[in-house]
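Notes for the one structure printed next.
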Amino acid sequence: MSQTLNTYIVPGLVVGCIYAIGSSGLVMAYTTSGVLNLGYGAIAFAVAMIYYELHTVHSMAAWPALLLCVLVIGPLMGMILWKGLFQWIAGLGLLAGLIAAIGLAIAVPSLALMVFNPGEINYAPALSNSGQNLHTYGSVIVSTDQLYGVGAALLVAGGLFYLLRFTVTGLKMRAVFDTPTVAALTDASPATISNVSWMLSGSLAAIGGVFLAPLLGLTPGVFLSLTVASLAAALVGGLRSIPISFAAAILIGVVSSAISGIDQTSTLLSLGVQPSLPFLVMGVTLLLRPRGVTSGQAARKALEPAIKLDALRVHLAKIAPGTALILVLPLILSGYWTGVVGLGLIYGVIFLGYTVALGNAGLLPLGQAALCGIGGFIGGGLAASDGVPMLLAILLGGLAAAVIGALLALVGGRLGSLEFGLLTLAFGLFADNFLFNINGLVPSITGRNFKVPVLFGLHMKSVNQQYYMFAVILGLALLAAAWFKRRVGSFYVNAGRMNEALAGASGVDVRTGRVAAFAFAAFLAGVGGGLIGVYQLTLAPGDVSTTTGLVWLAVVVLIGIRSYSAAVVAGIVYTVFPALLAQWLPIRWGPISTVLFGVGALGLAANPRGALAMNAEHARIAIRVVRQRFARAEPKAETL
């Protein structure tokens with residue numbers, strides 16, 4: 001019993017305490033500003049990295065470094081993010097704020113790694129370099145780091161209780177939590193309270209980051225888990241109740257750790273269920289909640305899908321120049337750059353799925369990379385073990401991903417766009433931690449090997465051959481997407497946009513359109529996963545991780561989420577831009593492309609349509625101005 005307590009329960013309790021600090025920060029920021037900050041873990045990672053630099057690298061004393069991070073750096077980051085970014089994005093609604101937070105989650109850790117270049121960190125001490133020393137209290141054995149973690153959680157709990165119950169600022173915050181409009185009439189400015197809440201959230205992120213690093217490690221992946229577990233607990237509390245969220249976070253930490261002790265010989269429990277528990281809690285909570293995520297003071301506008309159908313002649317005129325350019329590129333590029341652009345065409349297929357799901361149907365696909373991996377792994381397995389031709393296997397893998405996507409859409413069909421996105425995020429992280437550890441799906445730690453495809457008896461080995469094969473598949477995907485948009489998407493989605501209840505009363509099942517859209521998007525993702533495997537001759541879980549998928553989403557949003565041509569451009573940019581930087585910049589600057597993609601997604605506040613649409617609009621304005629000036633310059637005909 002004592003061994004189980006010390007090996008599983010105590011570590012789970014400590015980590016749960018850190019999750020509780022994180023859930024409190026998420027709830028505080030959300031209930032006062034309406035922004036669901038998925039970048040919370042990124043802030044915690046950045047502050048933890050700063051603390052590591054100050055304390056370990058530059059030998060600053062532990063307590064001054066901690067106070068500097070918790071009282072200055074963390075609150076300052078929170079204030080800058082709120083005043084400089086999220087204050088303006090909040091009015092665009094939940095989805096816009098969420099996508100901007102994803103950009104933050106992508107950019108900040110990569111920027112921290114690029115600036116500090118820490119290398120591999122084996123241990124990041126908190127307040128004591130002897131943090132791993134053990135202490136015995138009866139039958140309980142804890143380390144110094146664990147004691148500090150629990151102490152920090154208790155201090156935060158007591159501090160928040162005092163703040164919210166016995167201070168004027170706390171009373172105003174509680175008023176904004178409950179009814180922002182009425183609170184504004186009582187001289188409790190929601191904008192000011194939001195600023196205070198974001199500063200406190202930044203301080204809590206600093207505490208959580210500093211005390212989590214020595215327990216689980218100082219890596220971005222650990223802090224993504226912090227965000228997800230904290231979010232799962234916050235959802236249990238309805239994104240409103242700090243005490244319930246606090247208790248739920250501790251329970252998640254304890255149960256997650258205790259599962260491993262039930263059967264220590266079970267790989268399924270230790271490698272699958274145990275790390276997936278926060279994602280399972282998130283998914284179940286979303287499905288069981290009677291109401292959607294609606295609290296908070298920000299306006300609740302969604303990213304409405306735009307259905308605009310051009311005549312065939314106009315459509316062909318738009319795509320003809322780009323098509324011609326793609327076809328002639330292998331004639332003017334080297335083999336290396338032809339391969340890079342060819343890989344971009346594959347991502348164009350995958351990114352079309354994002355456009356179909358979010359741009360057309362209004363469904364947020366945060367876990368799309370998992371569907372990409374499932375389709376790729378299944379397709380590669382069919383070709384390897386069952387002798388199915390490679391291209392047919394890829395098609396079948398895409399159909400398998402479509403089935404799973406349809407099931408996800410059926411299960412989450414009653415959810416709003418934000419809740420559905422969080423459900424797919426939970427599924428994606430579950431796939432990362434469980435599905436992709438199943439040996440039958442992913443046979444080794446390096447992934448699954450792929451064969452060279454054969455088309456009409458011709459082995460597609462050369463770079464040019466594969467390039468044109470990818471181009472043809474992308475063209476077919478574009479035609480299928482255009483057909484879907486005309487025949488399915490415009491009817492169901494426009495019906496839902498006008499009045500979903502009225503559409504249902506008239507016999508139009510909007511949910512059917514959403515299921516079809518997400519299944520089609522999953523099919524494109526699954527096919528794209530198989531094509532990545534063909535290009536690389538292997539596909540590894542890291543190629544299709546949920547974190548990678550969030551970068552994909554940021555790139556698509558940056559270029560334009562509502563245009564199929566923008567999806568193709570986004571795919572090419574995603575591969576070409578990092579390749580260019582790799583040639584121009586030192587290795588240390590490798591994360592710069594991810595930083596820029598994440599920062600670009602933050603530009604959603606300035607232009608929700610994306611960079612491609614913005615540049616096209618600027619070009620139209622410039623042409624109009626030039627025409628007007630030429631018109632004024634023309635001499636008027638004299639009259640007799």
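So you can find residues: chains in the structure tokens are A, B, ... in the order shown, residues in each start at 1, and ligands are numbered from 1 in order.
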_Per-residue DSSP, segment 21-169 of chain A, filtered to alpha helix (DSSP H), as a PyMOL selection string_ = chain A and resi 21-33+40-52+62-68+74-81+87-89+94-116+144-166+168-169
*Please provide as a VMD selection string all residues within 9 Å of Ala152 of chain A, with the sequence filter that same-chain residues fewer than 5 positions apart are discarded (counting only C-alpha atoms).*
chain A and resid 17 to 18 21 147 157 207 to 208 211
Near Pro453 of chain A, within 9 Å and counting only C-alpha atoms, which residues show up once chain neighbours fewer than 2 positions away are dropped, as a JSON list (two decimals) with all heavy atoms, in the first residue's frame?
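Written out: part_36.json:
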```
[["chain", "number", "residue", "atom", "x", "y", "z"],
["A", 389, "PRO", "N", -2.40, -2.44, -54.01],
["A", 389, "PRO", "CA", -1.61, -1.40, -54.70],
["A", 389, "PRO", "C", -1.57, -0.11, -53.90],
["A", 389, "PRO", "O", -2.58, 0.28, -53.29],
["A", 389, "PRO", "CB", -2.36, -1.22, -56.03],
["A", 389, "PRO", "CG", -3.03, -2.54, -56.26],
["A", 389, "PRO", "CD", -3.42, -3.03, -54.89],
["A", 390, "MET", "N", -0.42, 0.55, -53.92],
["A", 390, "MET", "CA", -0.18, 1.67, -53.02],
["A", 390, "MET", "C", -1.23, 2.77, -53.15],
["A", 390, "MET", "O", -1.76, 3.26, -52.15],
["A", 390, "MET", "CB", 1.22, 2.24, -53.29],
["A", 390, "MET", "CG", 1.72, 3.22, -52.24],
["A", 390, "MET", "SD", 2.11, 2.43, -50.66],
["A", 390, "MET", "CE", 0.80, 3.00, -49.64],
["A", 391, "LEU", "N", -1.53, 3.19, -54.36],
["A", 391, "LEU", "CA", -2.49, 4.28, -54.54],
["A", 391, "LEU", "C", -3.89, 3.87, -54.11],
["A", 391, "LEU", "O", -4.63, 4.68, -53.52],
["A", 391, "LEU", "CB", -2.49, 4.74, -56.00],
["A", 391, "LEU", "CG", -1.19, 5.40, -56.47],
["A", 391, "LEU", "CD1", -1.29, 5.81, -57.93],
["A", 391, "LEU", "CD2", -0.86, 6.63, -55.61],
["A", 450, "PHE", "N", 6.59, 2.73, -46.33],
["A", 450, "PHE", "CA", 5.72, 2.79, -47.50],
["A", 450, "PHE", "C", 6.45, 2.30, -48.74],
["A", 450, "PHE", "O", 7.68, 2.40, -48.82],
["A", 450, "PHE", "CB", 5.23, 4.22, -47.73],
["A", 450, "PHE", "CG", 4.06, 4.62, -46.87],
["A", 450, "PHE", "CD1", 4.21, 4.77, -45.50],
["A", 450, "PHE", "CD2", 2.82, 4.83, -47.41],
["A", 450, "PHE", "CE1", 3.14, 5.13, -44.70],
["A", 450, "PHE", "CE2", 1.74, 5.19, -46.63],
["A", 450, "PHE", "CZ", 1.90, 5.34, -45.26],
["A", 451, "LYS", "N", 5.68, 1.80, -49.69],
["A", 451, "LYS", "CA", 6.23, 1.35, -50.95],
["A", 451, "LYS", "C", 6.17, 2.46, -51.99],
["A", 451, "LYS", "O", 5.39, 3.41, -51.87],
["A", 451, "LYS", "CB", 5.44, 0.14, -51.47],
["A", 451, "LYS", "CG", 5.48, -1.08, -50.57],
["A", 451, "LYS", "CD", 4.64, -2.19, -51.17],
["A", 451, "LYS", "CE", 4.67, -3.44, -50.30],
["A", 451, "LYS", "NZ", 3.83, -4.52, -50.88],
["A", 455, "LEU", "N", 2.00, 3.07, -61.18],
["A", 455, "LEU", "CA", 0.87, 3.62, -61.94],
["A", 455, "LEU", "C", 1.02, 3.20, -63.40],
["A", 455, "LEU", "O", 2.00, 3.57, -64.06],
["A", 455, "LEU", "CB", 0.83, 5.14, -61.81],
["A", 455, "LEU", "CG", -0.39, 5.86, -62.40],
["A", 455, "LEU", "CD1", -1.67, 5.40, -61.71],
["A", 455, "LEU", "CD2", -0.23, 7.37, -62.28],
["A", 458, "LEU", "N", 4.23, 1.72, -64.28],
["A", 458, "LEU", "CA", 5.41, 2.60, -64.15],
["A", 458, "LEU", "C", 5.67, 2.88, -62.67],
["A", 458, "LEU", "O", 4.79, 3.36, -61.95],
["A", 458, "LEU", "CB", 5.17, 3.92, -64.89],
["A", 458, "LEU", "CG", 6.32, 4.93, -64.88],
["A", 458, "LEU", "CD1", 7.53, 4.38, -65.63],
["A", 458, "LEU", "CD2", 5.87, 6.25, -65.51],
["A", 459, "HIS", "N", 6.88, 2.55, -62.19],
["A", 459, "HIS", "CA", 7.25, 2.83, -60.81],
["A", 459, "HIS", "C", 7.55, 4.32, -60.65],
["A", 459, "HIS", "O", 8.46, 4.86, -61.30],
["A", 459, "HIS", "CB", 8.48, 2.01, -60.42],
["A", 459, "HIS", "CG", 8.19, 0.55, -60.30],
["A", 459, "HIS", "ND1", 7.90, -0.07, -59.10],
["A", 459, "HIS", "CD2", 8.14, -0.43, -61.24],
["A", 459, "HIS", "CE1", 7.68, -1.36, -59.29],
["A", 459, "HIS", "NE2", 7.83, -1.61, -60.59],
["A", 460, "MET", "N", 6.79, 4.97, -59.79],
["A", 460, "MET", "CA", 6.90, 6.42, -59.61],
["A", 460, "MET", "C", 8.03, 6.73, -58.63],
["A", 460, "MET", "O", 7.82, 7.07, -57.47],
["A", 460, "MET", "CB", 5.57, 6.98, -59.11],
["A", 460, "MET", "CG", 4.36, 6.53, -59.91],
["A", 460, "MET", "SD", 4.43, 7.08, -61.63],
["A", 460, "MET", "CE", 4.09, 8.82, -61.43],
["A", 461, "LYS", "N", 9.27, 6.60, -59.12],
["A", 461, "LYS", "CA", 10.45, 6.80, -58.27],
["A", 461, "LYS", "C", 11.04, 8.19, -58.37],
["A", 461, "LYS", "O", 11.50, 8.75, -57.37],
["A", 461, "LYS", "CB", 11.52, 5.77, -58.63],
["A", 461, "LYS", "CG", 11.18, 4.33, -58.28],
["A", 461, "LYS", "CD", 12.35, 3.41, -58.63],
["A", 461, "LYS", "CE", 12.05, 1.97, -58.25],
["A", 461, "LYS", "NZ", 13.18, 1.06, -58.59],
["A", 534, "VAL", "N", 4.26, 8.21, -48.85],
["A", 534, "VAL", "CA", 4.87, 7.90, -50.15],
["A", 534, "VAL", "C", 6.06, 8.81, -50.42],
["A", 534, "VAL", "O", 7.13, 8.36, -50.88],
["A", 534, "VAL", "CB", 3.82, 8.04, -51.27],
["A", 534, "VAL", "CG1", 4.48, 8.01, -52.64],
["A", 534, "VAL", "CG2", 2.79, 6.92, -51.16]]
```
*Mind checking which residues fall within 10 Å of Met79 of chain A, counting only C-alpha atoms, ignoring those fewer than 6 positions away in the same chain, and posting them as a PyMOL selection string?*
chain A and resi 73+85-86+194-202
Could those residues be written to a file, using N, CA, C and O atoms, as a PDB file, in the first residue's frame?
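The result, stored in part.pdb:
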```
ATOM      1  N   ILE A  73       7.437  39.296 -14.615  1.00  0.00           N
ATOM      2  CA  ILE A  73       7.446  38.791 -15.998  1.00  0.00           C
ATOM      3  C   ILE A  73       6.104  38.173 -16.373  1.00  0.00           C
ATOM      4  O   ILE A  73       5.538  38.484 -17.432  1.00  0.00           O
ATOM      5  N   LEU A  85      -3.317  42.469 -27.820  1.00  0.00           N
ATOM      6  CA  LEU A  85      -3.836  41.495 -28.772  1.00  0.00           C
ATOM      7  C   LEU A  85      -5.272  41.087 -28.485  1.00  0.00           C
ATOM      8  O   LEU A  85      -6.188  41.418 -29.246  1.00  0.00           O
ATOM      9  N   PHE A  86      -5.490  40.389 -27.384  1.00  0.00           N
ATOM     10  CA  PHE A  86      -6.781  39.743 -27.191  1.00  0.00           C
ATOM     11  C   PHE A  86      -7.903  40.728 -26.890  1.00  0.00           C
ATOM     12  O   PHE A  86      -9.071  40.405 -27.099  1.00  0.00           O
ATOM     13  N   SER A 194     -10.739  42.613 -16.875  1.00  0.00           N
ATOM     14  CA  SER A 194     -10.103  41.654 -17.789  1.00  0.00           C
ATOM     15  C   SER A 194      -8.595  41.811 -17.771  1.00  0.00           C
ATOM     16  O   SER A 194      -7.850  40.819 -17.778  1.00  0.00           O
ATOM     17  N   ASN A 195      -8.124  43.058 -17.747  1.00  0.00           N
ATOM     18  CA  ASN A 195      -6.689  43.305 -17.698  1.00  0.00           C
ATOM     19  C   ASN A 195      -6.088  42.731 -16.412  1.00  0.00           C
ATOM     20  O   ASN A 195      -5.044  42.061 -16.441  1.00  0.00           O
ATOM     21  N   VAL A 196      -6.766  42.952 -15.283  1.00  0.00           N
ATOM     22  CA  VAL A 196      -6.285  42.417 -14.006  1.00  0.00           C
ATOM     23  C   VAL A 196      -6.279  40.885 -14.047  1.00  0.00           C
ATOM     24  O   VAL A 196      -5.333  40.234 -13.584  1.00  0.00           O
ATOM     25  N   SER A 197      -7.345  40.317 -14.605  1.00  0.00           N
ATOM     26  CA  SER A 197      -7.432  38.852 -14.666  1.00  0.00           C
ATOM     27  C   SER A 197      -6.326  38.258 -15.522  1.00  0.00           C
ATOM     28  O   SER A 197      -5.761  37.213 -15.186  1.00  0.00           O
ATOM     29  N   TRP A 198      -6.013  38.900 -16.635  1.00  0.00           N
ATOM     30  CA  TRP A 198      -4.945  38.391 -17.490  1.00  0.00           C
ATOM     31  C   TRP A 198      -3.584  38.522 -16.812  1.00  0.00           C
ATOM     32  O   TRP A 198      -2.712  37.675 -16.991  1.00  0.00           O
ATOM     33  N   MET A 199      -3.393  39.584 -16.041  1.00  0.00           N
ATOM     34  CA  MET A 199      -2.148  39.713 -15.284  1.00  0.00           C
ATOM     35  C   MET A 199      -2.040  38.608 -14.239  1.00  0.00           C
ATOM     36  O   MET A 199      -0.979  37.982 -14.081  1.00  0.00           O
ATOM     37  N   LEU A 200      -3.162  38.342 -13.531  1.00  0.00           N
ATOM     38  CA  LEU A 200      -3.155  37.256 -12.551  1.00  0.00           C
ATOM     39  C   LEU A 200      -2.964  35.905 -13.226  1.00  0.00           C
ATOM     40  O   LEU A 200      -2.269  35.026 -12.702  1.00  0.00           O
ATOM     41  N   SER A 201      -3.579  35.739 -14.398  1.00  0.00           N
ATOM     42  CA  SER A 201      -3.412  34.490 -15.134  1.00  0.00           C
ATOM     43  C   SER A 201      -1.959  34.293 -15.543  1.00  0.00           C
ATOM     44  O   SER A 201      -1.418  33.180 -15.481  1.00  0.00           O
ATOM     45  N   GLY A 202      -1.293  35.391 -15.948  1.00  0.00           N
ATOM     46  CA  GLY A 202       0.125  35.308 -16.277  1.00  0.00           C
ATOM     47  C   GLY A 202       0.972  34.944 -15.075  1.00  0.00           C
ATOM     48  O   GLY A 202       1.930  34.166 -15.175  1.00  0.00           O
TER      49      GLY A 202
END
```
_Closest of A:Gly359, A:Gly138, A:Pro125, A:Gly549 to Leu66 of chain A - atom-to-atom distances counting only C-alpha atoms_ = A:Pro125
*Of the residues A:Tyr347, A:Tyr30, A:Trp483, A:Phe116, which is the one nearest to Gly238 of chain A, using only C-alpha atoms?*
A:Tyr30
_I'd like the neighbourhood of segment 480-482 of chain A as a list in words, where a residue qualifies if any of its atoms comes within 8 Å (using only C-alpha atoms), though same-chain residues fewer than 4 positions away should be ignored._
Leu352, Val356, Leu476 and Arg486 of chain A
Next, the residues of the selection above should be written as an mmCIF file, in the first residue's frame with N, CA and C atoms.
```cif
data_model
loop_
_atom_site.group_PDB
_atom_site.id
_atom_site.type_symbol
_atom_site.label_atom_id
_atom_site.label_comp_id
_atom_site.auth_asym_id
_atom_site.auth_seq_id
_atom_site.Cartn_x
_atom_site.Cartn_y
_atom_site.Cartn_z
ATOM 1 N N LEU A 352 -6.904 21.535 -47.846
ATOM 2 C CA LEU A 352 -8.258 21.640 -48.390
ATOM 3 C C LEU A 352 -9.279 21.150 -47.377
ATOM 4 N N VAL A 356 -12.666 23.020 -46.128
ATOM 5 C CA VAL A 356 -13.999 22.425 -46.194
ATOM 6 C C VAL A 356 -14.649 22.429 -44.806
ATOM 7 N N LEU A 476 -7.589 16.565 -58.670
ATOM 8 C CA LEU A 476 -8.804 15.797 -58.418
ATOM 9 C C LEU A 476 -9.449 16.202 -57.097
ATOM 10 N N ARG A 486 -20.671 23.024 -54.355
ATOM 11 C CA ARG A 486 -21.835 23.371 -55.158
ATOM 12 C C ARG A 486 -23.044 22.506 -54.819
#
```
*In Å, how far is it from atom CA of Leu155 of chain A to atom CA of Ile80 of chain A?*
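Distance reported for this atom pair: 25.4 Å.
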*For Pro214 of chain A, please output as a ChimeraX atom specification all residues within 6 Å (counting only C-alpha atoms; exclusion window: fewer than 2 positions along the same chain).*
/A:124-125,212,216-217
*Could you work out how far atom CA of Ile473 of chain A lies from atom CA of Thr594 of chain A, giving the answer in Å with one decimal?*
27.1 Å
*Looking at A:Gly447, A:Pro220, A:Gly353, A:Gly373, which one is nearest to Ser563 of chain A, with distances taken over only C-alpha atoms?*
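Using only C-alpha atoms, the shortest distance to Ser563 of chain A belongs to A:Gly353.
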*Counting only C-alpha atoms, what is within 9 Å of Gly253 of chain A, bar same-chain residues fewer than 6 positions away, as a PyMOL selection string?*
chain A and resi 9+11-19+229+278
Residue selection dump (N, CA and C atoms) as a compact mmCIF listing (two decimals), in the first residue's frame:
```
# COMPACT_ATOMS: atom_id res chain seq x y z
N ILE A 9 0.14 7.73 -6.08
CA ILE A 9 -0.81 8.70 -5.56
C ILE A 9 -0.15 10.05 -5.31
N PRO A 11 2.78 11.43 -6.47
CA PRO A 11 3.14 12.18 -7.69
C PRO A 11 1.92 12.70 -8.43
N GLY A 12 0.84 11.89 -8.48
CA GLY A 12 -0.38 12.35 -9.15
C GLY A 12 -0.99 13.54 -8.45
N LEU A 13 -0.96 13.53 -7.10
CA LEU A 13 -1.49 14.65 -6.33
C LEU A 13 -0.70 15.92 -6.62
N VAL A 14 0.61 15.80 -6.69
CA VAL A 14 1.46 16.97 -6.93
C VAL A 14 1.20 17.55 -8.32
N VAL A 15 1.21 16.68 -9.33
CA VAL A 15 0.96 17.16 -10.70
C VAL A 15 -0.45 17.73 -10.80
N GLY A 16 -1.42 17.09 -10.12
CA GLY A 16 -2.78 17.62 -10.11
C GLY A 16 -2.86 19.01 -9.52
N CYS A 17 -2.03 19.28 -8.51
CA CYS A 17 -1.98 20.62 -7.92
C CYS A 17 -1.50 21.65 -8.94
N ILE A 18 -0.52 21.28 -9.75
CA ILE A 18 -0.03 22.19 -10.79
C ILE A 18 -1.12 22.40 -11.84
N TYR A 19 -1.82 21.33 -12.23
CA TYR A 19 -2.94 21.46 -13.15
C TYR A 19 -4.01 22.39 -12.56
N ALA A 229 -4.85 19.42 -19.72
CA ALA A 229 -5.37 18.94 -18.44
C ALA A 229 -6.07 20.07 -17.68
N PRO A 278 -6.84 13.02 -19.31
CA PRO A 278 -7.36 14.39 -19.45
C PRO A 278 -8.14 14.59 -20.73
```
